[in-house]
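Participant: File query.txt below, compact mmCIF, C-alpha atoms and all ligand atoms:
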# COMPACT_ATOMS: atom_id res chain seq x y z
CA MET A 1249 103.38 102.50 117.04
CA ILE A 1250 102.60 100.94 113.63
CA PRO A 1251 102.51 97.12 113.78
CA VAL A 1252 105.26 95.43 111.72
CA PHE A 1253 102.82 93.60 109.40
CA LEU A 1254 101.13 96.92 108.53
CA LYS A 1255 104.49 98.64 107.98
CA ASN A 1256 105.55 95.84 105.61
CA SER A 1257 102.25 95.99 103.72
CA LEU A 1258 102.59 99.76 103.31
CA ARG A 1259 106.16 99.33 102.05
CA ARG A 1260 105.02 96.74 99.50
CA ILE A 1261 102.23 99.05 98.28
CA TYR A 1262 104.69 101.98 98.05
CA ARG A 1263 107.16 99.88 96.03
CA ARG A 1264 104.40 98.89 93.59
CA LEU A 1265 103.07 102.40 93.15
CA ARG A 1266 106.26 104.48 93.03
CA PRO A 1267 107.30 105.52 89.51
CA ILE A 1268 110.04 103.21 88.23
CA LYS A 1269 113.06 105.18 87.00
CA ALA A 1270 114.59 103.89 83.78
CA GLU A 1271 117.97 102.36 84.47
CA ARG A 1272 121.03 104.00 82.90
CA ILE A 1273 123.76 101.76 81.58
CA LEU A 1274 127.49 102.31 81.88
CA GLY A 1275 129.16 100.13 79.25
CA VAL A 1276 132.65 99.25 80.43
CA GLU A 1277 135.36 98.37 77.95
CA PHE A 1278 137.23 96.49 80.61
CA VAL A 1279 140.24 95.24 78.64
CA ASN A 1280 141.72 96.08 75.23
CA ILE A 1281 143.06 92.61 74.32
CA CYS A 1282 141.41 89.36 73.31
CA ASN A 1283 142.29 85.65 73.37
CA LEU A 1284 140.37 84.89 70.14
CA HIS A 1285 140.78 86.22 66.63
CA CYS A 1286 137.39 86.59 64.92
CA ALA A 1287 137.90 87.82 61.36
CA TYR A 1288 134.81 90.04 61.38
CA CYS A 1289 135.60 91.75 64.72
CA TYR A 1290 135.12 95.52 64.49
CA ARG A 1291 137.81 96.22 67.04
CA ASP A 1292 141.19 97.43 65.97
CA GLU A 1293 143.66 94.63 65.25
CA GLU A 1294 146.69 96.36 66.78
CA MET A 1295 144.76 97.15 69.90
CA LEU A 1296 143.36 93.60 70.29
CA TYR A 1297 146.73 91.94 69.89
CA GLY A 1298 149.10 94.67 71.09
CA LYS A 1299 150.13 95.59 74.61
CA ALA A 1300 147.56 94.53 77.22
CA GLN A 1301 145.80 97.42 78.94
CA TYR A 1302 143.27 96.95 81.69
CA LEU A 1303 140.80 99.48 83.06
CA ASP A 1304 141.83 100.61 86.54
CA PRO A 1305 138.99 99.41 88.83
CA ALA A 1306 139.48 102.55 90.98
CA ARG A 1307 138.27 104.71 88.05
CA LEU A 1308 135.07 102.67 87.75
CA PHE A 1309 134.37 102.71 91.47
CA ASP A 1310 135.18 106.43 91.83
CA LEU A 1311 132.65 107.16 89.08
CA LEU A 1312 129.96 104.99 90.65
CA ASP A 1313 130.60 106.29 94.18
CA ALA A 1314 130.34 109.92 93.07
CA ALA A 1315 127.25 109.42 90.88
CA PRO A 1316 124.40 111.71 91.95
CA GLU A 1317 121.01 110.22 92.85
CA THR A 1318 119.49 111.88 89.77
CA LEU A 1319 121.47 109.49 87.53
CA LYS A 1320 120.59 106.35 89.47
CA PRO A 1321 119.90 103.52 89.08
CA ILE A 1322 123.00 102.83 86.98
CA SER A 1323 123.86 99.33 85.86
CA VAL A 1324 127.20 98.20 84.44
CA SER A 1325 127.84 96.14 81.31
CA LEU A 1326 131.34 94.65 81.12
CA THR A 1327 132.83 94.01 77.69
CA GLY A 1328 136.15 94.38 75.84
CA GLY A 1329 138.28 92.97 74.13
CA GLU A 1330 137.62 89.96 76.27
CA PRO A 1331 136.49 91.07 79.76
CA LEU A 1332 137.37 87.76 81.44
CA LEU A 1333 141.07 88.51 80.81
CA HIS A 1334 141.09 91.32 83.37
CA PRO A 1335 143.41 90.18 86.20
CA ARG A 1336 141.25 92.00 88.79
CA PHE A 1337 137.90 90.63 87.55
CA SER A 1338 137.02 89.11 90.96
CA GLU A 1339 137.71 92.35 92.78
CA VAL A 1340 135.49 94.30 90.40
CA VAL A 1341 132.60 91.87 90.66
CA ARG A 1342 132.90 91.98 94.44
CA GLY A 1343 133.00 95.78 94.39
CA LEU A 1344 129.87 95.97 92.24
CA ASP A 1345 128.11 93.53 94.54
CA GLU A 1346 129.08 95.52 97.66
CA ARG A 1347 127.78 98.70 96.02
CA ARG A 1348 124.55 96.92 95.01
CA VAL A 1349 125.19 97.80 91.37
CA ARG A 1350 123.48 95.48 88.90
CA PHE A 1351 125.77 94.23 86.14
CA LYS A 1352 126.02 92.02 83.08
CA LEU A 1353 128.83 90.95 80.80
CA VAL A 1354 129.51 90.09 77.16
CA THR A 1355 132.06 87.33 76.66
CA ASN A 1356 133.35 84.70 74.28
CA GLY A 1357 133.12 82.28 77.23
CA TRP A 1358 136.56 80.72 76.78
CA HIS A 1359 137.79 81.53 80.31
CA PHE A 1360 134.43 81.28 82.04
CA ASP A 1361 135.61 78.72 84.60
CA ARG A 1362 137.98 81.39 85.99
CA VAL A 1363 135.13 83.70 86.99
CA TYR A 1364 132.25 81.32 87.58
CA GLU A 1365 132.55 81.29 91.39
CA ASP A 1366 132.82 85.10 91.52
CA LEU A 1367 129.64 85.38 89.50
CA ARG A 1368 127.84 82.84 91.65
CA ARG A 1369 128.70 84.83 94.76
CA ALA A 1370 127.43 88.07 93.16
CA ARG A 1371 124.35 86.46 91.57
CA LYS A 1372 121.97 88.91 93.26
CA ARG A 1373 123.38 91.74 91.11
CA LEU A 1374 124.08 89.71 87.97
CA THR A 1375 121.39 90.42 85.37
CA GLY A 1376 122.81 88.32 82.55
CA ILE A 1377 125.82 86.83 80.80
CA SER A 1378 125.82 87.31 77.03
CA PHE A 1379 127.74 84.59 75.26
CA SER A 1380 128.64 85.44 71.68
CA LEU A 1381 127.73 82.63 69.31
CA ASP A 1382 128.72 82.47 65.66
CA GLY A 1383 126.97 79.27 64.67
CA HIS A 1384 124.72 76.51 65.99
CA THR A 1385 127.34 73.77 65.53
CA ARG A 1386 130.95 73.35 66.55
CA GLU A 1387 132.04 73.64 62.94
CA ALA A 1388 130.00 76.77 62.16
CA HIS A 1389 131.01 78.62 65.35
CA ASP A 1390 134.68 77.63 65.22
CA THR A 1391 134.99 78.78 61.60
CA HIS A 1392 134.80 82.33 62.95
CA ARG A 1393 136.12 81.95 66.50
CA GLY A 1394 138.78 79.26 66.16
CA PRO A 1395 139.07 75.58 67.20
CA GLY A 1396 137.83 74.76 70.68
CA SER A 1397 135.64 77.89 70.99
CA PHE A 1398 132.28 76.14 70.67
CA ASP A 1399 133.16 73.51 73.27
CA ARG A 1400 134.35 76.21 75.66
CA VAL A 1401 131.21 78.30 75.32
CA MET A 1402 128.97 75.23 75.69
CA LYS A 1403 130.87 74.27 78.84
CA ALA A 1404 130.27 77.79 80.18
CA VAL A 1405 126.56 77.52 79.34
CA ALA A 1406 126.36 74.18 81.17
CA LEU A 1407 127.90 75.78 84.28
CA CYS A 1408 125.37 78.61 84.10
CA ALA A 1409 122.45 76.22 83.65
CA ALA A 1410 123.58 74.08 86.60
CA ALA A 1411 123.95 77.13 88.87
CA ARG A 1412 120.89 78.91 87.45
CA LEU A 1413 122.92 81.92 86.37
CA PRO A 1414 121.02 83.95 83.76
CA PHE A 1415 122.57 83.85 80.29
CA GLN A 1416 121.72 84.75 76.73
CA PHE A 1417 123.16 84.36 73.24
CA ASN A 1418 124.30 87.25 71.07
CA VAL A 1419 124.72 86.43 67.39
CA VAL A 1420 126.09 88.68 64.65
CA LEU A 1421 123.85 88.53 61.59
CA ARG A 1422 125.81 87.54 58.50
CA ARG A 1423 124.92 85.51 55.44
CA ASP A 1424 125.84 82.28 57.23
CA THR A 1425 124.02 83.04 60.52
CA LEU A 1426 120.91 84.31 58.68
CA GLY A 1427 120.34 80.77 57.48
CA GLN A 1428 120.84 79.41 61.00
CA MET A 1429 118.48 81.74 62.89
CA GLU A 1430 115.95 79.03 63.66
CA ARG A 1431 118.58 76.48 64.76
CA LEU A 1432 120.36 79.08 66.91
CA ALA A 1433 117.07 80.10 68.54
CA VAL A 1434 116.11 76.46 69.19
CA LEU A 1435 119.56 75.87 70.70
CA GLY A 1436 118.99 78.88 72.99
CA ALA A 1437 115.53 77.63 74.00
CA ARG A 1438 116.81 74.10 74.60
CA LEU A 1439 119.71 75.25 76.78
CA GLY A 1440 117.63 77.72 78.81
CA ALA A 1441 118.85 81.09 77.46
CA GLN A 1442 116.87 84.14 78.62
CA VAL A 1443 116.87 85.55 75.08
CA VAL A 1444 118.60 85.09 71.72
CA ASN A 1445 119.71 88.41 70.24
CA PHE A 1446 120.77 89.03 66.66
CA GLY A 1447 122.62 92.23 65.66
CA ALA A 1448 123.90 93.50 62.33
CA MET A 1449 127.55 93.12 61.37
CA LEU A 1450 129.36 96.46 61.42
CA PRO A 1451 131.45 96.33 58.25
CA THR A 1452 135.19 96.83 58.67
CA SER A 1453 136.25 96.20 55.06
CA ALA A 1454 134.63 96.03 51.64
CA ALA A 1455 135.87 92.45 51.22
CA LEU A 1456 134.24 91.30 54.47
CA HIS A 1457 131.02 93.09 53.65
CA ARG A 1458 130.96 91.49 50.20
CA GLU A 1459 131.43 88.07 51.75
CA TRP A 1460 129.24 88.34 54.85
CA GLY A 1461 127.09 91.50 54.68
CA LEU A 1462 123.31 91.28 54.28
CA SER A 1463 121.30 93.00 51.59
CA ARG A 1464 118.29 95.07 52.63
CA ALA A 1465 115.98 92.25 51.57
CA GLN A 1466 117.93 89.81 53.77
CA GLU A 1467 117.72 92.21 56.71
CA MET A 1468 113.93 92.33 56.31
CA GLU A 1469 113.92 88.52 56.21
CA ALA A 1470 115.90 88.46 59.50
CA ARG A 1471 113.35 90.74 61.16
CA ARG A 1472 110.42 88.62 59.99
CA GLU A 1473 112.20 85.44 61.07
CA ALA A 1474 112.89 86.81 64.59
CA THR A 1475 109.21 87.74 65.01
CA ALA A 1476 108.06 84.32 63.80
CA LEU A 1477 110.54 82.47 66.04
CA SER A 1478 109.52 84.51 69.08
CA ARG A 1479 105.94 83.44 68.50
CA ILE A 1480 106.79 79.77 68.23
CA LEU A 1481 109.51 79.32 70.84
CA SER A 1482 109.66 79.68 74.61
CA VAL A 1483 112.62 82.07 74.26
CA PRO A 1484 112.34 85.67 72.99
CA VAL A 1485 114.26 86.19 69.74
CA ARG A 1486 115.23 89.77 68.96
CA VAL A 1487 116.95 91.65 66.19
CA LEU A 1488 118.78 94.34 68.06
CA PHE A 1489 120.72 97.00 66.23
CA GLY A 1490 122.38 98.28 63.15
CA LEU A 1491 119.93 97.23 60.47
CA TYR A 1492 118.62 99.62 57.84
CA ASP A 1493 115.89 101.79 59.35
CA ASP A 1494 115.22 105.18 57.81
CA ALA A 1495 113.04 106.48 60.65
CA PRO A 1496 114.59 109.63 62.20
CA GLY A 1497 115.40 109.92 65.90
CA ALA A 1498 117.38 107.77 68.32
CA HIS A 1499 117.49 104.02 67.70
CA CYS A 1500 119.96 103.11 70.43
CA SER A 1501 120.64 103.74 74.12
CA PRO A 1502 123.72 106.01 73.65
CA LEU A 1503 121.78 108.39 71.41
CA ASN A 1504 118.71 108.44 73.57
CA GLY A 1505 120.89 109.34 76.56
CA ARG A 1506 120.45 106.06 78.43
CA SER A 1507 124.02 104.78 78.16
CA LEU A 1508 127.65 105.87 78.14
CA THR A 1509 130.87 103.93 77.71
CA LEU A 1510 133.92 103.92 79.95
CA ASP A 1511 136.86 102.73 77.84
CA TYR A 1512 139.90 100.77 79.06
CA LYS A 1513 141.89 104.03 79.28
CA GLY A 1514 139.38 105.40 81.77
CA GLN A 1515 137.81 107.80 79.25
CA LEU A 1516 134.06 108.40 79.17
CA ARG A 1517 132.74 108.30 75.59
CA LEU A 1518 129.53 107.85 73.63
CA CYS A 1519 129.40 104.21 72.54
CA GLY A 1520 131.44 101.02 72.69
CA ASN A 1521 130.97 100.40 68.95
CA LEU A 1522 132.72 103.68 68.18
CA SER A 1523 135.61 102.90 70.48
CA SER A 1524 138.73 101.39 68.88
CA PHE A 1525 136.88 100.86 65.61
CA ARG A 1526 139.14 98.96 63.22
CA GLY A 1527 141.44 101.19 61.23
CA SER A 1528 140.08 104.49 62.56
CA PRO A 1529 142.09 106.79 64.83
CA ALA A 1530 139.27 109.42 64.86
CA GLU A 1531 138.08 110.22 68.41
CA GLY A 1532 135.23 112.69 67.82
CA ASP A 1533 133.04 110.76 70.26
CA VAL A 1534 135.42 111.52 73.17
CA PRO A 1535 135.11 114.90 74.90
CA ALA A 1536 138.15 116.83 76.14
CA GLY A 1537 139.32 115.67 79.58
CA ALA A 1538 137.38 112.40 79.21
CA SER A 1539 139.62 110.46 81.59
CA SER A 1540 138.80 112.71 84.52
CA LEU A 1541 135.13 113.50 83.80
CA SER A 1542 132.53 112.59 86.43
CA LEU A 1543 129.44 110.66 85.35
CA ASP A 1544 127.34 113.76 85.87
CA ASP A 1545 129.50 115.93 83.57
CA GLY A 1546 130.07 113.01 81.22
CA TRP A 1547 126.36 112.45 80.72
CA ALA A 1548 125.83 116.15 80.01
CA ARG A 1549 128.83 116.68 77.69
CA ILE A 1550 128.59 113.38 75.83
CA GLY A 1551 124.83 113.81 75.63
CA GLU A 1552 125.52 116.95 73.55
CA ILE A 1553 127.92 115.03 71.28
CA GLY A 1554 125.21 112.40 70.79
CA LYS A 1555 122.56 115.05 70.07
CA GLN A 1556 124.77 116.56 67.36
CA ALA A 1557 125.16 113.15 65.68
CA LEU A 1558 121.41 112.66 65.86
CA ARG A 1559 120.66 116.15 64.47
CA HIS A 1560 123.14 115.56 61.67
CA ARG A 1561 121.28 112.43 60.53
CA ASP A 1562 117.79 113.82 61.10
CA ASP A 1563 118.65 116.97 59.07
CA ALA A 1564 120.09 114.88 56.23
CA LEU A 1565 116.94 112.71 56.20
CA ASP A 1566 114.80 115.88 56.22
CA ARG A 1567 116.68 117.39 53.31
CA LEU A 1568 116.17 114.35 51.08
CA PRO A 1569 113.80 115.29 48.25
CA ALA A 1570 110.79 113.01 47.91
CA SER A 1571 112.04 112.10 44.44
CA ALA A 1572 115.26 110.66 45.91
CA GLY A 1573 113.48 107.51 47.09
CA ARG A 1574 114.95 105.71 50.09
CA PRO A 1575 118.05 107.06 51.85
CA ASP A 1576 121.37 105.52 50.83
CA PRO A 1577 122.66 102.48 52.82
CA VAL A 1578 124.85 104.63 55.10
CA LEU A 1579 122.31 107.33 55.95
CA GLY A 1580 119.54 104.73 56.15
CA SER A 1581 121.32 102.71 58.83
CA PRO A 1582 121.47 104.42 62.25
CA CYS A 1583 124.76 102.70 63.20
CA LEU A 1584 126.51 103.28 59.85
CA SER A 1585 125.36 106.87 59.82
CA CYS A 1586 126.81 107.38 63.31
CA LEU A 1587 130.13 105.68 62.39
CA ASN A 1588 130.27 107.93 59.33
CA HIS A 1589 129.49 111.06 61.36
CA PHE A 1590 132.42 110.31 63.65
CA ASP A 1591 134.69 109.55 60.69
CA LYS A 1592 135.16 105.87 61.59
CA LEU A 1593 134.42 104.46 58.13
CA SER A 1594 137.39 104.27 55.78
CA PRO A 1595 136.86 105.86 52.32
CA GLU A 1596 137.06 102.32 50.86
CA ILE A 1597 134.19 100.98 53.01
CA ARG A 1598 132.11 104.11 52.59
CA ALA A 1599 132.40 103.95 48.79
CA HIS A 1600 131.62 100.22 48.80
CA LEU A 1601 128.56 100.66 51.04
CA LEU A 1602 127.22 103.56 49.01
CA ALA A 1603 127.51 101.47 45.85
CA SER A 1604 125.86 98.42 47.44
C1 LIG B 1 133.71 93.10 70.63
S1 LIG B 1 132.99 91.72 71.44
C2 LIG B 1 133.69 91.87 73.07
C3 LIG B 1 133.23 90.79 74.01
C4 LIG B 1 133.76 89.38 73.76
N1 LIG B 1 135.10 89.32 73.33
C5 LIG B 1 132.84 88.62 72.82
O1 LIG B 1 133.24 88.23 71.74
O2 LIG B 1 131.69 88.43 73.22
C6 LIG B 1 131.30 92.25 71.76
C7 LIG B 1 130.31 91.76 70.73
O3 LIG B 1 130.56 92.41 69.50
C8 LIG B 1 130.30 91.49 68.47
N2 LIG B 1 130.98 91.94 67.26
C9 LIG B 1 132.28 91.79 66.94
N3 LIG B 1 132.54 92.31 65.73
C10 LIG B 1 131.38 92.80 65.26
C11 LIG B 1 131.00 93.45 64.07
N4 LIG B 1 131.87 93.69 63.08
N5 LIG B 1 129.72 93.85 63.96
C12 LIG B 1 128.82 93.63 64.93
N6 LIG B 1 129.12 93.01 66.09
C13 LIG B 1 130.38 92.59 66.25
C14 LIG B 1 130.82 90.18 69.03
O4 LIG B 1 130.31 89.06 68.35
C15 LIG B 1 130.36 90.27 70.45
O5 LIG B 1 129.06 89.73 70.60
S1 LIG B 2 134.45 89.39 68.74
FE1 LIG B 2 135.12 89.23 70.87
S2 LIG B 2 136.16 87.24 70.89
FE2 LIG B 2 136.09 87.83 68.79
S3 LIG B 2 138.01 88.93 68.38
FE3 LIG B 2 136.43 90.45 68.86
S4 LIG B 2 136.69 90.83 71.00
FE4 LIG B 2 137.70 88.85 70.57
Transcribe the structure of this file into structure tokens.
Facilitator:
Amino acid sequence: MIPVFLKNSLRRIYRRLRPIKAERILGVEFVNICNLHCAYCYRDEEMLYGKAQYLDPARLFDLLDAAPETLKPISVSLTGGEPLLHPRFSEVVRGLDERRVRFKLVTNGWHFDRVYEDLRRARKRLTGISFSLDGHTREAHDTHRGPGSFDRVMKAVALCAAARLPFQFNVVLRRDTLGQMERLAVLGARLGAQVVNFGAMLPTSAALHREWGLSRAQEMEARREATALSRILSVPVRVLFGLYDDAPGAHCSPLNGRSLTLDYKGQLRLCGNLSSFRGSPAEGDVPAGASSLSLDDGWARIGEIGKQALRHRDDALDRLPASAGRPDPVLGSPCLSCLNHFDKLSPEIRAHLLAS
């Protein structure tokens, strides 16, 4: 008989030495609608403000329950539309907790008080709450998200801080937020955010891009600023996705096979940014039979769709003659190139971007 203390020590040593499997992420577009109206939002207007549709929790749990060990661990990332509008939010959080599935969510924070207790109860599985911020002051944030939004999100942050729930800020990089990076990062550090993330704005019209889009030089400035702020502050500051980067290969988790999206219709598809993209009915990122695919088949079939998108860009970069200089703004940006591959960019935006 092995004494208990020895058994526990052996278990601890095993846990330290065993190879750690990279976690896969299932992005969940939980709801199609939203309670706010951000002008720059990439999601389709009719879908955001049309008939409410909510993901059936049974589809999510069936997928997770049938997932083979080879795909695990799988974590879930709830987004939307606005995920807190799902009428069965509590049931889903409870179900994830019971299944020991780690999860996070991306929210505008407006209805946080509705779900706060559910999240507290499931805190063991909750890896983070991403609050979307559009400015470091009430005025700056509310310009994009509407009156009352800043106060609501700050109230949500205060609840998280009091209950020690992990949270972070996600900020879309535009001309206005570029100039606020330091103040946004300091706000995050002061309030106890785990991290402050900045991500490029996906352009949905030429007019918006003209008004808010960054030039390549400004994108470089944002990268340098994030590195400098990370050095100075107690909070990591990261520039996440979508900026110009002409290196070939995968730059994101969907294209490197680490994540998939389950949309509100129950379809498995490549990436949440491609889903319901404003003004584009194209669905090339959705395989046939997507609403009944298992995770195993979904990862294989959608993985192939992702590989084709990747090959398409890598081949185009390869074919560029040395005399051509840098790739154009669409090919040079991994996200824009992917949106273009799946026919999500309108001819107007494409022409505007290529001329920019
Ligand atoms: C579509 S929202 C859904 C979740 C929730 N409603 C929210 O605002 O956090 C997810 C994230 O996408 C960001 N986002 C919206 N439009 C964008 C765009 N055109 N380009 C890049 N990110 C965008 C939002 O700021 C938010 O952080
Ligand atoms: S960014 Fe989020 S809060 Fe704003 S309109 Fe889009 S889905 Fe709604």
Participant: Met1429 of chain A: which residues within 8 Å, counting only C-alpha atoms, same-chain residues fewer than 5 positions away excluded, as a VMD selection string?
Facilitator: chain A and resid 1470 1473 to 1474
Participant: Find the spatial neighbours of Met1449 of chain A, counting only C-alpha atoms, within a cut-off of 9 Å - ignore same-chain residues fewer than 3 positions away - and output them as a count of residues only.
Facilitator: 13
Participant: Show me which residues line ligand LIG 2 (chain B), defined as having an atom within 12 Å of a ligand atom where all atoms listed in the file count, and present them as a VMD selection string.
Facilitator: chain A and resid 1277 to 1297 1327 to 1333 1353 to 1359 1378 to 1382 1389 to 1394 1397 to 1398 1401 1418 to 1420 1449 to 1450 1520 to 1521 1524 to 1526
Participant: Take atom CA of Phe1590 of chain A and atom CA of Pro1502 of chain A and report the distance between them in Å, one decimal.
Facilitator: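 Computing it gives 13.9 Å between the two atoms.
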Participant: Could you check which residues have any atom within 10 Å of (121.1, 97.3, 93.9), counting all atoms listed in the file with coordinates taken straight from the file, and then list them as a list in words?
Facilitator: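 Here is the list of nearby residues: Pro1321, Ile1322, Ser1323, Leu1344, Asp1345, Glu1346, Arg1347, Arg1348, Val1349, Arg1350, Phe1351, Lys1372 and Arg1373 of chain A.
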Participant: Would you mind listing what lies within 10 Å of Phe1489 of chain A as a PyMOL selection string, with only C-alpha atoms counted and same-chain residues fewer than 4 positions away left out?
Facilitator: chain A and resi 1445-1450+1493+1499-1500+1581-1583
Participant: Just C-alpha atoms for this one: save the residues we selected as a compact mmCIF listing (two decimals), keeping the file's coordinate frame.
Facilitator:
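Ended up saving to result-v8.txt:
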# COMPACT_ATOMS: atom_id res chain seq x y z
CA ASN A 1445 119.71 88.41 70.24
CA PHE A 1446 120.77 89.03 66.66
CA GLY A 1447 122.62 92.23 65.66
CA ALA A 1448 123.90 93.50 62.33
CA MET A 1449 127.55 93.12 61.37
CA LEU A 1450 129.36 96.46 61.42
CA ASP A 1493 115.89 101.79 59.35
CA HIS A 1499 117.49 104.02 67.70
CA CYS A 1500 119.96 103.11 70.43
CA SER A 1581 121.32 102.71 58.83
CA PRO A 1582 121.47 104.42 62.25
CA CYS A 1583 124.76 102.70 63.20
Participant: Can you tell me how far atom CA of Arg1371 of chain A sits from atom CA of Glu1271 of chain A, in Å to one decimal?
Facilitator: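 That distance, rounded to one decimal, is 18.5 Å.
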Participant: Considering all atoms listed in the file, can you say which of A:Ser1325, A:Thr1475, A:Gln1428, A:Gln1301 comes closest to ligand LIG 1 (chain B)?
Facilitator: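 So, comparing all the options, the nearest one is A:Ser1325.
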Participant: So how far away is atom CA of Asp1576 of chain A from atom CA of His1560 of chain A, in Å?
Facilitator: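 Atom CA of Asp1576 of chain A lies at a distance of 14.9 Å from atom CA of His1560 of chain A.
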Participant: Could you give me, as a list in words, the residues that have an atom at most 9 Å away from the point (123.8, 113.0, 86.0) in the coordinates of the file, using all atoms listed in the file?
Facilitator: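 The residues that fall inside the cut-off are Ala1315, Pro1316, Glu1317, Thr1318, Leu1319, Lys1320, Ser1542, Leu1543, Asp1544, Asp1545, Gly1546, Trp1547 and Ala1548 of chain A.
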Participant: Need the axis-aligned box for segment 1497-1506 of chain A with 3 Å each side, so what are the centre and edges in Å to one decimal, as JSON?
Facilitator:
{"center_x": 119.6, "center_y": 106.5, "center_z": 72.2, "size_x": 14.3, "size_y": 12.8, "size_z": 18.5}
Participant: Can you list, as a list in words, every protein, DNA or RNA residue that comes within 6 Å of Lys1352 of chain A when you count all atoms listed in the file, leaving out same-chain residues fewer than 5 positions away?
Facilitator: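 Contacts, in chain order: Ser1325, Leu1374, Thr1375, Gly1376 and Ile1377 of chain A.
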Participant: Return the single residue from A:Leu1593, A:Leu1326, A:Ala1406, A:Val1434 that is closest to ligand LIG 1 (chain B), with distances computed using all atoms listed in the file.
Facilitator: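 Residue with the minimum atom-to-atom distance to ligand LIG 1 (chain B): A:Leu1326.
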Participant: I need the residue nearest ligand LIG 1 (chain B) from this list: A:Val1363, A:Ala1572, A:Leu1488, A:Leu1503. Use all atoms listed in the file for the distance.
Facilitator: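 Smallest distance to ligand LIG 1 (chain B) is found for A:Leu1488.
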Participant: Counting all atoms listed in the file, what is within 12 Å of Pro1595 of chain A, bar same-chain residues fewer than 3 positions away, as a list of chain:residue names?
Facilitator: A:Thr1452, A:Ser1453, A:Ala1454, A:Gly1527, A:Ser1528, A:Asn1588, A:Asp1591, A:Lys1592, A:Arg1598, A:Ala1599, A:His1600, A:Leu1601, A:Leu1602
Participant: Which one is closest to ligand LIG 1 (chain B): A:Ser1507, A:Gln1466, A:Ser1539, A:Ser1523? Count all atoms listed in the file.
Facilitator: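 Using all atoms listed in the file, the shortest distance to ligand LIG 1 (chain B) belongs to A:Ser1523.
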Participant: Select, from A:Asn1504, A:Ser1540, A:Ser1604, A:Ser1571, the residue with the minimum atom-to-atom distance to Ile1553 of chain A, counting all atoms listed in the file.
Facilitator: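 Ranked by minimum distance to Ile1553 of chain A, first place goes to A:Asn1504.
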Participant: Counting all atoms listed in the file, which of A:Phe1309, A:Phe1417, A:Phe1360, A:Tyr1302 gets nearest to ligand LIG 1 (chain B)?
Facilitator: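 Once distances to ligand LIG 1 (chain B) are computed over all atoms listed in the file, the minimum belongs to A:Phe1417.
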Participant: N, CA and C atoms are what I want for segment 1361-1373 of chain A; can you complete it accordingly and write them as a PDB file, keeping the file's coordinate frame?
Facilitator:
ATOM      1  N   ASP A1361     135.400  79.447  83.327  1.00  0.00           N
ATOM      2  CA  ASP A1361     135.610  78.720  84.600  1.00  0.00           C
ATOM      3  C   ASP A1361     136.443  79.538  85.598  1.00  0.00           C
ATOM      4  N   ARG A1362     137.213  80.530  85.086  1.00  0.00           N
ATOM      5  CA  ARG A1362     137.980  81.390  85.990  1.00  0.00           C
ATOM      6  C   ARG A1362     137.096  82.291  86.859  1.00  0.00           C
ATOM      7  N   VAL A1363     135.932  82.650  86.320  1.00  0.00           N
ATOM      8  CA  VAL A1363     135.130  83.700  86.990  1.00  0.00           C
ATOM      9  C   VAL A1363     133.801  83.169  87.538  1.00  0.00           C
ATOM     10  N   TYR A1364     133.539  81.918  87.261  1.00  0.00           N
ATOM     11  CA  TYR A1364     132.250  81.320  87.580  1.00  0.00           C
ATOM     12  C   TYR A1364     131.884  81.482  89.067  1.00  0.00           C
ATOM     13  N   GLU A1365     132.850  81.197  89.948  1.00  0.00           N
ATOM     14  CA  GLU A1365     132.550  81.290  91.390  1.00  0.00           C
ATOM     15  C   GLU A1365     132.287  82.739  91.797  1.00  0.00           C
ATOM     16  N   ASP A1366     133.045  83.675  91.210  1.00  0.00           N
ATOM     17  CA  ASP A1366     132.820  85.100  91.520  1.00  0.00           C
ATOM     18  C   ASP A1366     131.395  85.498  91.139  1.00  0.00           C
ATOM     19  N   LEU A1367     130.973  85.019  89.975  1.00  0.00           N
ATOM     20  CA  LEU A1367     129.640  85.380  89.500  1.00  0.00           C
ATOM     21  C   LEU A1367     128.554  84.733  90.359  1.00  0.00           C
ATOM     22  N   ARG A1368     128.813  83.517  90.767  1.00  0.00           N
ATOM     23  CA  ARG A1368     127.840  82.840  91.650  1.00  0.00           C
ATOM     24  C   ARG A1368     127.653  83.628  92.945  1.00  0.00           C
ATOM     25  N   ARG A1369     128.781  84.095  93.486  1.00  0.00           N
ATOM     26  CA  ARG A1369     128.700  84.830  94.760  1.00  0.00           C
ATOM     27  C   ARG A1369     127.956  86.155  94.577  1.00  0.00           C
ATOM     28  N   ALA A1370     128.058  86.752  93.378  1.00  0.00           N
ATOM     29  CA  ALA A1370     127.430  88.070  93.160  1.00  0.00           C
ATOM     30  C   ALA A1370     126.109  87.935  92.399  1.00  0.00           C
ATOM     31  N   ARG A1371     125.496  86.743  92.435  1.00  0.00           N
ATOM     32  CA  ARG A1371     124.350  86.460  91.570  1.00  0.00           C
ATOM     33  C   ARG A1371     123.169  87.418  91.783  1.00  0.00           C
ATOM     34  N   LYS A1372     123.085  87.994  92.980  1.00  0.00           N
ATOM     35  CA  LYS A1372     121.970  88.910  93.260  1.00  0.00           C
ATOM     36  C   LYS A1372     122.008  90.123  92.337  1.00  0.00           C
ATOM     37  N   ARG A1373     123.236  90.529  91.951  1.00  0.00           N
ATOM     38  CA  ARG A1373     123.380  91.740  91.110  1.00  0.00           C
ATOM     39  C   ARG A1373     123.534  91.398  89.634  1.00  0.00           C
TER      40      ARG A1373
END
